[in-house]
$ cat start_37.cif   # mmCIF, C-alpha atoms; chains and numbers go by the auth columns
data_protein
#
loop_
_atom_site.group_PDB
_atom_site.id
_atom_site.type_symbol
_atom_site.label_atom_id
_atom_site.label_comp_id
_atom_site.label_asym_id
_atom_site.label_seq_id
_atom_site.Cartn_x
_atom_site.Cartn_y
_atom_site.Cartn_z
_atom_site.B_iso_or_equiv
_atom_site.auth_seq_id
_atom_site.auth_asym_id
ATOM 1 C CA MET A 1 -50.583 22.101 5.679 0.00 1 V
ATOM 2 C CA LYS A 2 -48.305 21.506 2.703 0.00 2 V
ATOM 3 C CA LYS A 3 -47.365 25.197 2.751 0.00 3 V
ATOM 4 C CA TYR A 4 -46.234 24.929 6.385 0.00 4 V
ATOM 5 C CA ILE A 5 -44.179 21.803 5.642 0.00 5 V
ATOM 6 C CA LEU A 6 -42.583 23.476 2.622 0.00 6 V
ATOM 7 C CA ALA A 7 -41.848 26.619 4.629 0.00 7 V
ATOM 8 C CA ALA A 8 -40.293 24.590 7.457 0.00 8 V
ATOM 9 C CA LEU A 9 -38.169 22.682 4.949 0.00 9 V
ATOM 10 C CA LEU A 10 -36.939 25.907 3.348 0.00 10 V
ATOM 11 C CA ILE A 11 -36.101 27.373 6.762 0.00 11 V
ATOM 12 C CA PHE A 12 -34.186 24.225 7.688 0.00 12 V
ATOM 13 C CA LEU A 13 -32.212 24.218 4.416 0.00 13 V
ATOM 14 C CA SER A 14 -31.450 27.916 4.731 0.00 14 V
ATOM 15 C CA ALA A 15 -30.199 27.485 8.281 0.00 15 V
ATOM 16 C CA SER A 16 -28.031 24.529 7.226 0.00 16 V
ATOM 17 C CA LEU A 17 -26.492 26.478 4.360 0.00 17 V
ATOM 18 C CA ILE A 18 -25.769 29.444 6.611 0.00 18 V
ATOM 19 C CA ALA A 19 -24.127 27.152 9.165 0.00 19 V
ATOM 20 C CA CYS A 20 -21.986 25.474 6.486 0.00 20 V
ATOM 21 C CA LYS A 21 -21.180 28.648 4.570 0.00 21 V
ATOM 22 C CA ASP A 22 -18.122 29.663 6.558 0.00 22 V
ATOM 23 C CA PHE A 23 -16.719 26.133 6.495 0.00 23 V
ATOM 24 C CA LEU A 24 -17.275 25.723 2.749 0.00 24 V
ATOM 25 C CA LEU A 25 -15.848 29.122 1.893 0.00 25 V
ATOM 26 C CA ASP A 26 -12.867 28.499 4.134 0.00 26 V
ATOM 27 C CA PHE A 27 -12.195 25.064 2.632 0.00 27 V
ATOM 28 C CA PHE A 28 -12.570 25.927 -1.031 0.00 28 V
ATOM 29 C CA SER A 29 -10.792 29.295 -0.810 0.00 29 V
ATOM 30 C CA LYS A 30 -7.563 27.751 0.478 0.00 30 V
ATOM 31 C CA ASP A 31 -4.977 26.632 -1.996 0.00 31 V
ATOM 32 C CA PRO A 32 -3.310 23.214 -1.530 0.00 32 V
ATOM 33 C CA SER A 33 -0.205 24.647 0.159 0.00 33 V
ATOM 34 C CA GLU A 34 -2.371 26.288 2.837 0.00 34 V
ATOM 35 C CA LYS A 35 -4.242 23.047 3.516 0.00 35 V
ATOM 36 C CA VAL A 36 -1.028 21.045 3.821 0.00 36 V
ATOM 37 C CA SER A 37 0.605 23.759 5.925 0.00 37 V
ATOM 38 C CA GLU A 38 -2.257 23.778 8.419 0.00 38 V
ATOM 39 C CA SER A 39 -2.241 19.968 8.563 0.00 39 V
ATOM 40 C CA LEU A 40 1.480 19.831 9.327 0.00 40 V
ATOM 41 C CA LYS A 41 1.146 22.540 11.972 0.00 41 V
ATOM 42 C CA LEU A 42 -1.601 20.508 13.650 0.00 42 V
ATOM 43 C CA ALA A 43 0.682 17.473 13.677 0.00 43 V
ATOM 44 C CA GLY A 44 3.630 19.452 15.006 0.00 44 V
ATOM 45 C CA ALA A 45 1.541 20.797 17.885 0.00 45 V
ATOM 46 C CA ALA A 46 0.026 17.412 18.817 0.00 46 V
ATOM 47 C CA SER A 47 0.765 16.101 22.299 0.00 47 V
ATOM 48 C CA SER A 48 1.163 12.542 21.000 0.00 48 V
ATOM 49 C CA PHE A 49 0.945 10.447 17.837 0.00 49 V
ATOM 50 C CA ASN A 50 1.660 7.019 16.350 0.00 50 V
ATOM 51 C CA ALA A 51 3.735 6.498 13.239 0.00 51 V
ATOM 52 C CA ASP A 52 4.374 3.389 11.146 0.00 52 V
ATOM 53 C CA MET A 53 7.367 3.923 8.892 0.00 53 V
ATOM 54 C CA ILE A 54 8.977 1.875 6.136 0.00 54 V
ATOM 55 C CA LEU A 55 12.363 3.040 4.872 0.00 55 V
ATOM 56 C CA ARG A 56 14.002 1.463 1.812 0.00 56 V
ATOM 57 C CA LEU A 57 17.480 2.164 0.492 0.00 57 V
ATOM 58 C CA GLN A 58 18.632 0.622 -2.785 0.00 58 V
ATOM 59 C CA THR A 59 22.124 0.745 -4.314 0.00 59 V
ATOM 60 C CA GLU A 60 23.090 0.600 -7.966 0.00 60 V
ATOM 61 C CA GLU A 61 24.672 -2.810 -7.337 0.00 61 V
ATOM 62 C CA GLY A 62 21.383 -4.278 -6.135 0.00 62 V
ATOM 63 C CA TYR A 63 22.009 -4.233 -2.390 0.00 63 V
ATOM 64 C CA SER A 64 19.149 -2.894 -0.312 0.00 64 V
ATOM 65 C CA ILE A 65 18.229 -2.043 3.268 0.00 65 V
ATOM 66 C CA VAL A 66 14.631 -2.156 4.478 0.00 66 V
ATOM 67 C CA GLY A 67 13.745 -0.821 7.898 0.00 67 V
ATOM 68 C CA THR A 68 10.308 -0.872 9.523 0.00 68 V
ATOM 69 C CA PHE A 69 9.412 1.093 12.628 0.00 69 V
ATOM 70 C CA HIS A 70 6.284 1.388 14.723 0.00 70 V
ATOM 71 C CA ASP A 71 6.562 4.447 16.949 0.00 71 V
ATOM 72 C CA ALA A 72 4.402 5.860 19.709 0.00 72 V
ATOM 73 C CA ALA A 73 5.573 9.312 20.732 0.00 73 V
ATOM 74 C CA LEU A 74 4.688 11.715 23.524 0.00 74 V
ATOM 75 C CA LYS A 75 6.042 15.052 22.357 0.00 75 V
ATOM 76 C CA GLU A 76 9.871 15.084 22.389 0.00 76 V
ATOM 77 C CA THR A 77 10.374 13.498 25.792 0.00 77 V
ATOM 78 C CA GLU A 78 9.127 9.920 25.531 0.00 78 V
ATOM 79 C CA ILE A 79 8.978 7.387 22.723 0.00 79 V
ATOM 80 C CA SER A 80 8.457 3.668 22.249 0.00 80 V
ATOM 81 C CA SER A 81 9.599 2.086 19.002 0.00 81 V
ATOM 82 C CA LEU A 82 9.471 -1.445 17.583 0.00 82 V
ATOM 83 C CA PHE A 83 12.009 -1.830 14.796 0.00 83 V
ATOM 84 C CA GLU A 84 13.263 -4.341 12.266 0.00 84 V
ATOM 85 C CA ALA A 85 15.998 -3.925 9.698 0.00 85 V
ATOM 86 C CA ASN A 86 16.931 -6.274 6.859 0.00 86 V
ATOM 87 C CA ILE A 87 20.005 -5.941 4.668 0.00 87 V
ATOM 88 C CA PHE A 88 19.610 -7.802 1.386 0.00 88 V
ATOM 89 C CA PHE A 89 22.695 -9.097 -0.384 0.00 89 V
ATOM 90 C CA PRO A 90 22.658 -11.086 -3.652 0.00 90 V
ATOM 91 C CA GLN A 91 22.850 -14.417 -1.801 0.00 91 V
ATOM 92 C CA SER A 92 21.991 -13.646 1.832 0.00 92 V
ATOM 93 C CA VAL A 93 19.955 -11.494 4.205 0.00 93 V
ATOM 94 C CA LEU A 94 21.042 -10.016 7.526 0.00 94 V
ATOM 95 C CA SER A 95 18.276 -9.125 9.993 0.00 95 V
ATOM 96 C CA ILE A 96 18.053 -7.334 13.311 0.00 96 V
ATOM 97 C CA SER A 97 14.957 -6.488 15.338 0.00 97 V
ATOM 98 C CA GLY A 98 14.083 -5.119 18.719 0.00 98 V
ATOM 99 C CA GLU A 99 12.448 -2.382 20.739 0.00 99 V
ATOM 100 C CA PHE A 100 13.626 1.005 21.895 0.00 100 V
ATOM 101 C CA LYS A 101 12.237 3.293 24.591 0.00 101 V
ATOM 102 C CA GLU A 102 13.050 6.710 25.911 0.00 102 V
ATOM 103 C CA VAL A 103 11.403 7.230 29.285 0.00 103 V
ATOM 104 C CA LYS A 104 12.121 9.755 32.042 0.00 104 V
ATOM 105 C CA GLY A 105 15.522 10.714 30.691 0.00 105 V
ATOM 106 C CA SER A 106 16.815 7.175 30.109 0.00 106 V
ATOM 107 C CA PHE A 107 17.162 5.014 27.006 0.00 107 V
ATOM 108 C CA TYR A 108 16.189 1.335 27.009 0.00 108 V
ATOM 109 C CA LEU A 109 17.138 -1.077 24.230 0.00 109 V
ATOM 110 C CA LEU A 110 15.919 -4.630 23.667 0.00 110 V
ATOM 111 C CA LEU A 111 17.516 -6.636 20.857 0.00 111 V
ATOM 112 C CA SER A 112 15.090 -9.426 19.965 0.00 112 V
ATOM 113 C CA SER A 113 17.211 -10.915 17.188 0.00 113 V
ATOM 114 C CA LEU A 114 20.719 -10.337 15.909 0.00 114 V
ATOM 115 C CA PRO A 115 22.371 -11.426 12.647 0.00 115 V
ATOM 116 C CA ASP A 116 24.521 -14.549 12.737 0.00 116 V
ATOM 117 C CA LEU A 117 27.664 -12.813 11.595 0.00 117 V
ATOM 118 C CA PRO A 118 31.054 -13.940 12.984 0.00 118 V
ATOM 119 C CA LEU A 119 32.735 -10.643 12.086 0.00 119 V
ATOM 120 C CA LEU A 120 30.158 -8.715 14.110 0.00 120 V
ATOM 121 C CA GLY A 121 30.652 -11.040 17.068 0.00 121 V
ATOM 122 C CA SER A 122 34.428 -10.598 16.901 0.00 122 V
ATOM 123 C CA PHE A 123 34.109 -6.827 16.621 0.00 123 V
ATOM 124 C CA MET A 124 31.819 -6.612 19.658 0.00 124 V
ATOM 125 C CA GLU A 125 34.055 -8.921 21.672 0.00 125 V
ATOM 126 C CA ASN A 126 36.986 -6.600 20.961 0.00 126 V
ATOM 127 C CA LEU A 127 34.882 -3.901 22.620 0.00 127 V
ATOM 128 C CA GLY A 128 34.348 -6.179 25.597 0.00 128 V
ATOM 129 C CA ILE A 129 30.756 -7.117 24.749 0.00 129 V
ATOM 130 C CA LYS A 130 29.388 -10.588 24.054 0.00 130 V
ATOM 131 C CA LEU A 131 26.432 -10.602 21.667 0.00 131 V
ATOM 132 C CA GLU A 132 24.654 -13.428 23.479 0.00 132 V
ATOM 133 C CA GLU A 133 24.494 -11.225 26.581 0.00 133 V
ATOM 134 C CA LEU A 134 22.679 -8.515 24.634 0.00 134 V
ATOM 135 C CA GLU A 135 20.003 -10.559 22.898 0.00 135 V
ATOM 136 C CA GLY A 136 16.659 -10.732 24.689 0.00 136 V
ATOM 137 C CA GLU A 137 17.674 -8.441 27.576 0.00 137 V
ATOM 138 C CA TRP A 138 16.558 -4.873 28.225 0.00 138 V
ATOM 139 C CA ILE A 139 19.570 -2.589 28.565 0.00 139 V
ATOM 140 C CA ARG A 140 19.419 0.855 30.159 0.00 140 V
ATOM 141 C CA MET A 141 21.659 3.710 29.030 0.00 141 V
ATOM 142 C CA ASP A 142 21.954 7.332 30.110 0.00 142 V
ATOM 143 C CA SER A 143 20.242 9.953 27.998 0.00 143 V
ATOM 144 C CA ASP A 144 23.512 11.093 26.425 0.00 144 V
ATOM 145 C CA PHE A 145 24.335 7.603 25.086 0.00 145 V
ATOM 146 C CA PHE A 146 22.251 8.129 21.933 0.00 146 V
ATOM 147 C CA SER A 147 22.322 11.927 22.003 0.00 147 V
ATOM 148 C CA SER A 148 23.591 12.329 18.425 0.00 148 V
ATOM 149 C CA GLN A 149 21.044 9.823 17.060 0.00 149 V
ATOM 150 C CA LYS A 150 18.265 11.601 18.949 0.00 150 V
ATOM 151 C CA LYS A 151 19.304 14.938 17.472 0.00 151 V
ATOM 152 C CA GLU A 152 19.125 13.445 13.972 0.00 152 V
ATOM 153 C CA ALA A 153 15.706 11.883 14.675 0.00 153 V
ATOM 154 C CA MET A 154 14.384 15.203 15.973 0.00 154 V
ATOM 155 C CA ALA A 155 15.872 17.000 12.967 0.00 155 V
ATOM 156 C CA LEU A 156 14.073 14.556 10.643 0.00 156 V
ATOM 157 C CA GLU A 157 10.768 15.086 12.489 0.00 157 V
ATOM 158 C CA ASN A 158 11.183 18.870 12.296 0.00 158 V
ATOM 159 C CA ILE A 159 11.777 18.656 8.549 0.00 159 V
ATOM 160 C CA LEU A 160 8.739 16.429 7.967 0.00 160 V
ATOM 161 C CA PHE A 161 6.399 18.659 10.017 0.00 161 V
ATOM 162 C CA ASP A 162 7.722 21.947 8.608 0.00 162 V
ATOM 163 C CA PRO A 163 5.426 23.348 5.867 0.00 163 V
ATOM 164 C CA ALA A 164 8.425 25.146 4.354 0.00 164 V
ATOM 165 C CA SER A 165 9.932 21.753 3.474 0.00 165 V
ATOM 166 C CA TYR A 166 7.504 21.211 0.601 0.00 166 V
ATOM 167 C CA LEU A 167 6.571 22.808 -2.691 0.00 167 V
ATOM 168 C CA ILE A 168 2.965 21.633 -2.884 0.00 168 V
ATOM 169 C CA GLY A 169 1.269 20.746 -6.167 0.00 169 V
ATOM 170 C CA LYS A 170 -2.395 20.335 -6.938 0.00 170 V
ATOM 171 C CA GLU A 171 -4.742 17.816 -5.349 0.00 171 V
ATOM 172 C CA GLN A 172 -4.086 14.580 -7.240 0.00 172 V
ATOM 173 C CA GLU A 173 -7.792 13.775 -7.621 0.00 173 V
ATOM 174 C CA LYS A 174 -10.682 16.019 -6.685 0.00 174 V
ATOM 175 C CA GLY A 175 -11.824 15.197 -3.163 0.00 175 V
ATOM 176 C CA SER A 176 -8.903 12.810 -2.520 0.00 176 V
ATOM 177 C CA ARG A 177 -7.136 15.136 -0.029 0.00 177 V
ATOM 178 C CA SER A 178 -3.885 13.805 -1.515 0.00 178 V
ATOM 179 C CA TYR A 179 -1.276 16.356 -2.619 0.00 179 V
ATOM 180 C CA SER A 180 1.948 15.861 -4.544 0.00 180 V
ATOM 181 C CA PHE A 181 5.050 17.824 -3.626 0.00 181 V
ATOM 182 C CA LEU A 182 8.649 18.525 -4.495 0.00 182 V
ATOM 183 C CA LEU A 183 11.131 18.769 -1.672 0.00 183 V
ATOM 184 C CA ALA A 184 12.199 22.361 -1.030 0.00 184 V
ATOM 185 C CA GLU A 185 15.890 23.195 -1.315 0.00 185 V
ATOM 186 C CA ASN A 186 16.377 23.867 2.409 0.00 186 V
ATOM 187 C CA ALA A 187 14.730 20.538 3.344 0.00 187 V
ATOM 188 C CA ALA A 188 16.786 18.653 0.739 0.00 188 V
ATOM 189 C CA SER A 189 19.972 20.154 2.168 0.00 189 V
ATOM 190 C CA SER A 190 18.984 19.202 5.731 0.00 190 V
ATOM 191 C CA LEU A 191 18.133 15.637 4.685 0.00 191 V
ATOM 192 C CA ALA A 192 21.468 15.386 2.907 0.00 192 V
ATOM 193 C CA ASP A 193 23.169 16.221 6.212 0.00 193 V
ATOM 194 C CA ILE A 194 21.159 13.558 8.065 0.00 194 V
ATOM 195 C CA PHE A 195 21.949 10.887 5.477 0.00 195 V
ATOM 196 C CA ARG A 196 25.552 12.151 5.191 0.00 196 V
ATOM 197 C CA ALA A 197 25.039 12.664 1.502 0.00 197 V
ATOM 198 C CA ALA A 198 26.614 15.098 -0.911 0.00 198 V
ATOM 199 C CA ASP A 199 23.333 15.761 -2.675 0.00 199 V
ATOM 200 C CA PHE A 200 19.667 14.924 -2.182 0.00 200 V
ATOM 201 C CA GLY A 201 16.564 15.469 -4.275 0.00 201 V
ATOM 202 C CA GLY A 202 13.072 14.215 -3.623 0.00 202 V
ATOM 203 C CA LYS A 203 9.370 14.285 -4.350 0.00 203 V
ATOM 204 C CA GLY A 204 6.329 12.651 -2.819 0.00 204 V
ATOM 205 C CA GLU A 205 2.753 12.761 -1.637 0.00 205 V
ATOM 206 C CA ILE A 206 0.879 13.897 1.470 0.00 206 V
ATOM 207 C CA LEU A 207 -2.565 12.556 2.336 0.00 207 V
ATOM 208 C CA ILE A 208 -4.708 14.533 4.803 0.00 208 V
ATOM 209 C CA THR A 209 -7.533 13.135 6.934 0.00 209 V
ATOM 210 C CA GLU A 210 -11.004 14.658 7.064 0.00 210 V
ATOM 211 C CA ASP A 211 -10.209 16.284 10.420 0.00 211 V
ATOM 212 C CA GLY A 212 -7.117 17.965 8.986 0.00 212 V
ATOM 213 C CA TYR A 213 -4.233 15.831 10.275 0.00 213 V
ATOM 214 C CA PRO A 214 -1.674 14.163 7.997 0.00 214 V
ATOM 215 C CA GLU A 215 -2.538 10.512 7.380 0.00 215 V
ATOM 216 C CA LYS A 216 0.256 9.392 5.069 0.00 216 V
ATOM 217 C CA LEU A 217 3.503 10.863 3.810 0.00 217 V
ATOM 218 C CA VAL A 218 5.516 9.278 0.999 0.00 218 V
ATOM 219 C CA LEU A 219 8.963 10.575 0.073 0.00 219 V
ATOM 220 C CA GLU A 220 11.056 9.255 -2.821 0.00 220 V
ATOM 221 C CA GLY A 221 14.490 10.484 -3.758 0.00 221 V
ATOM 222 C CA ASN A 222 18.077 9.881 -4.739 0.00 222 V
ATOM 223 C CA PHE A 223 21.212 10.822 -2.899 0.00 223 V
ATOM 224 C CA PHE A 224 24.941 10.454 -3.337 0.00 224 V
ATOM 225 C CA SER A 225 27.371 9.608 -0.559 0.00 225 V
ATOM 226 C CA SER A 226 30.873 8.236 -0.171 0.00 226 V
ATOM 227 C CA ALA A 227 29.326 4.751 -0.331 0.00 227 V
ATOM 228 C CA GLY A 228 27.766 5.419 -3.738 0.00 228 V
ATOM 229 C CA GLU A 229 24.370 6.367 -5.151 0.00 229 V
ATOM 230 C CA PHE A 230 21.192 5.363 -3.341 0.00 230 V
ATOM 231 C CA GLU A 231 17.513 5.341 -4.180 0.00 231 V
ATOM 232 C CA MET A 232 15.368 6.050 -1.140 0.00 232 V
ATOM 233 C CA GLU A 233 11.680 5.501 -0.450 0.00 233 V
ATOM 234 C CA MET A 234 10.070 6.369 2.855 0.00 234 V
ATOM 235 C CA GLN A 235 6.419 5.961 3.798 0.00 235 V
ATOM 236 C CA ILE A 236 4.966 7.083 7.128 0.00 236 V
ATOM 237 C CA ASP A 237 1.386 6.332 8.181 0.00 237 V
ATOM 238 C CA PHE A 238 0.239 8.599 11.016 0.00 238 V
ATOM 239 C CA SER A 239 -2.544 7.961 13.520 0.00 239 V
ATOM 240 C CA GLY A 240 -3.586 8.566 17.113 0.00 240 V
ATOM 241 C CA PHE A 241 -2.913 12.279 17.308 0.00 241 V
ATOM 242 C CA ASN A 242 -3.455 13.670 20.840 0.00 242 V
ATOM 243 C CA GLN A 243 -4.447 10.318 22.307 0.00 243 V
ATOM 244 C CA VAL A 244 -3.675 9.712 25.970 0.00 244 V
ATOM 245 C CA PHE A 245 -1.319 6.821 26.730 0.00 245 V
ATOM 246 C CA LEU A 246 1.659 5.996 28.934 0.00 246 V
ATOM 247 C CA ILE A 247 5.129 4.768 28.025 0.00 247 V
ATOM 248 C CA GLU A 248 6.519 2.769 30.907 0.00 248 V
ATOM 249 C CA PRO A 249 10.130 1.641 31.468 0.00 249 V
ATOM 250 C CA PRO A 250 10.723 -2.126 31.457 0.00 250 V
ATOM 251 C CA GLU A 251 10.336 -3.867 34.812 0.00 251 V
ATOM 252 C CA THR A 252 13.757 -5.520 34.626 0.00 252 V
ATOM 253 C CA PHE A 253 16.884 -4.408 32.801 0.00 253 V
ATOM 254 C CA LYS A 254 20.670 -4.416 32.880 0.00 254 V
ATOM 255 C CA GLU A 255 22.854 -1.321 33.044 0.00 255 V
ATOM 256 C CA ILE A 256 25.150 -0.905 30.053 0.00 256 V
ATOM 257 C CA GLU A 257 28.001 -0.125 32.473 0.00 257 V
ATOM 258 C CA ASP A 258 27.506 -3.484 34.210 0.00 258 V
ATOM 259 C CA ILE A 259 27.657 -5.342 30.896 0.00 259 V
ATOM 260 C CA LEU A 260 30.886 -3.559 29.973 0.00 260 V
ATOM 261 C CA SER A 261 32.462 -4.099 33.382 0.00 261 V
ATOM 262 C CA GLU A 262 31.596 -7.811 33.408 0.00 262 V
ATOM 263 C CA ASN A 263 33.657 -8.277 30.277 0.00 263 V
#

$ encode --input "start_37.cif" --output "structure tokens"
Amino acid sequence: MKKYILAALLIFLSASLIACKDFLLDFFSKDPSEKVSESLKLAGAASSFNADMILRLQTEEGYSIVGTFHDAALKETEISSLFEANIFFPQSVLSISGEFKEVKGSFYLLLSSLPDLPLLGSFMENLGIKLEELEGEWIRMDSDFFSSQKKEAMALENILFDPASYLIGKEQEKGSRSYSFLLAENAASSLADIFRAADFGGKGEILITEDGYPEKLVLEGNFFSSAGEFEMEMQIDFSGFNQVFLIEPPETFKEIEDILSEN
């Protein structure tokens, strides 16, 4: 009886090894750049995803900007984003927060809070817009209203999901699925254009989930612009690839043209 049990156990182990062989050989034969490349291609082909992003910019003088975004995206056509931005000065902080949607060819903007800044109020009033009429109201704009900003956002996404953007190093710790990288020259040049910088250099880390999708991307770098030198840190946590969800337009909103005409 023991012989039959031992034989059955050996058959089971042999079958398991045969079934896992192709997967193990495939996994261990790939170098880090191949693993990261396949992960980014999976992300780029996904029908939907969620992304939580923190972006920090720091100047030599100690001023800093911190922006947080929670995005839910359906391909390139629809997106819902919660955002908050804080500008830190030596003795004060300016904050703005809200929500942004692109649905069915229209843009919708909700400003939940605006900074208490008289100069901003005066500037907007010169344009015929009163800040108090913007806060807490959904505003609809045509798709071309933010066309340049959308192009820059899509350009940034294309850079992040393009395997050619990274020079991948070794896995940071065995089994961690975390890979360091240097930013490739073409990606650095494209990011410099987006940030309107004369020069950009960066490095970072990509963490891949067990099912092959990117889980976290961290990018750190320095760039120079007409406003001075900046240190940048960006972290994006990805989730929800290929999940089914809907992005609906707000039930009530004002047209941007009506707001302008009223003033």

$ closest_residue --input "start_37.cif" --among "V:Thr252, V:Ser143, V:Ser81, V:Gln58" --to "V:Glu220" --atoms "only C-alpha atoms"
V:Gln58

$ resolve_selection --input "start_37.cif" --expression "the PyMOL selection byres ((chain V and resi 65) around 6)" --output "NGL selection string"
:V and (56-57 or 64 or 66 or 86-87)

$ write_last_selection --input "start_37.cif" --atoms "C-alpha atoms" --output "PDB file, in the coordinates of the input"
ATOM      1  CA  ARG V  56      14.002   1.463   1.812  1.00  0.00           C
ATOM      2  CA  LEU V  57      17.480   2.164   0.492  1.00  0.00           C
ATOM      3  CA  SER V  64      19.149  -2.894  -0.312  1.00  0.00           C
ATOM      4  CA  VAL V  66      14.631  -2.156   4.478  1.00  0.00           C
ATOM      5  CA  ASN V  86      16.931  -6.274   6.859  1.00  0.00           C
ATOM      6  CA  ILE V  87      20.005  -5.941   4.668  1.00  0.00           C
TER       7      ILE V  87
END

$ residues_near_point --input "start_37.cif" --point "(-2.2, 20.8, -7.5)" --cutoff "12 Å" --atoms "all atoms listed in the file" --output "ChimeraX atom specification"
/V:30-36,167-182,205-206

$ resolve_selection --input "start_37.cif" --expression "the PyMOL selection byres ((chain V and resi 102-104) around 12)" --output "PyMOL selection string"
chain V and resi 71-81+99-101+105-110+139-147+150+246-250

$ closest_residue --input "start_37.cif" --among "V:Ile194, V:Leu55, V:Val93, V:Ala85" --to "V:Gln149" --atoms "all atoms listed in the file"
V:Ile194

$ residues_around --input "start_37.cif" --residues "V:Val244" --least-positions-apart "3" --cutoff "9 Å" --atoms "all atoms listed in the file" --output "list in words"
Ser47, Ser48, Leu74 and Gly240 of chain V

$ closest_residue --input "start_37.cif" --among "V:Ser239, V:Ser97, V:Ser113, V:Gln91" --to "V:Gly212" --atoms "only C-alpha atoms"
V:Ser239

$ atom_distance --input "start_37.cif" --atom1 "atom CA of V:Ala153" --atom2 "atom CA of V:Glu84"
16.6 Å

$ atom_distance --input "start_37.cif" --atom1 "atom CA of V:Ala51" --atom2 "atom CA of V:Glu135"
25.5 Å

$ closest_residue --input "start_37.cif" --among "V:Phe69, V:Tyr63, V:Phe200, V:Tyr213" --to "V:Leu94" --atoms "only C-alpha atoms"
V:Tyr63

$ resolve_selection --input "start_37.cif" --expression "the PyMOL selection byres ((chain V and resi 165) around 7)" --output "VMD selection string"
chain V and resid 159 162 to 164 166 183 to 184 186 to 187

$ write_last_selection --input "start_37.cif" --atoms "C-alpha atoms" --output "compact mmCIF listing (two decimals), in the coordinates of the input"
# COMPACT_ATOMS: atom_id res chain seq x y z
CA ILE V 159 11.78 18.66 8.55
CA ASP V 162 7.72 21.95 8.61
CA PRO V 163 5.43 23.35 5.87
CA ALA V 164 8.43 25.15 4.35
CA TYR V 166 7.50 21.21 0.60
CA LEU V 183 11.13 18.77 -1.67
CA ALA V 184 12.20 22.36 -1.03
CA ASN V 186 16.38 23.87 2.41
CA ALA V 187 14.73 20.54 3.34

$ atom_distance --input "start_37.cif" --atom1 "atom CA of V:Thr68" --atom2 "atom CA of V:Asp237"
11.5 Å

$ closest_residue --input "start_37.cif" --among "V:Glu251, V:Phe161, V:Leu191, V:Gly221" --to "V:Ser39" --atoms "all atoms listed in the file"
V:Phe161

$ closest_residue --input "start_37.cif" --among "V:Ala197, V:Pro214, V:Glu229, V:Phe223" --to "V:Ala46" --atoms "only C-alpha atoms"
V:Pro214

$ residues_near_point --input "start_37.cif" --point "(23.0, 18.2, 1.1)" --cutoff "6 Å" --atoms "all atoms listed in the file" --output "list in words"
Ser189, Ala192, Asp193, Ala197, Ala198, Asp199 and Phe200 of chain V
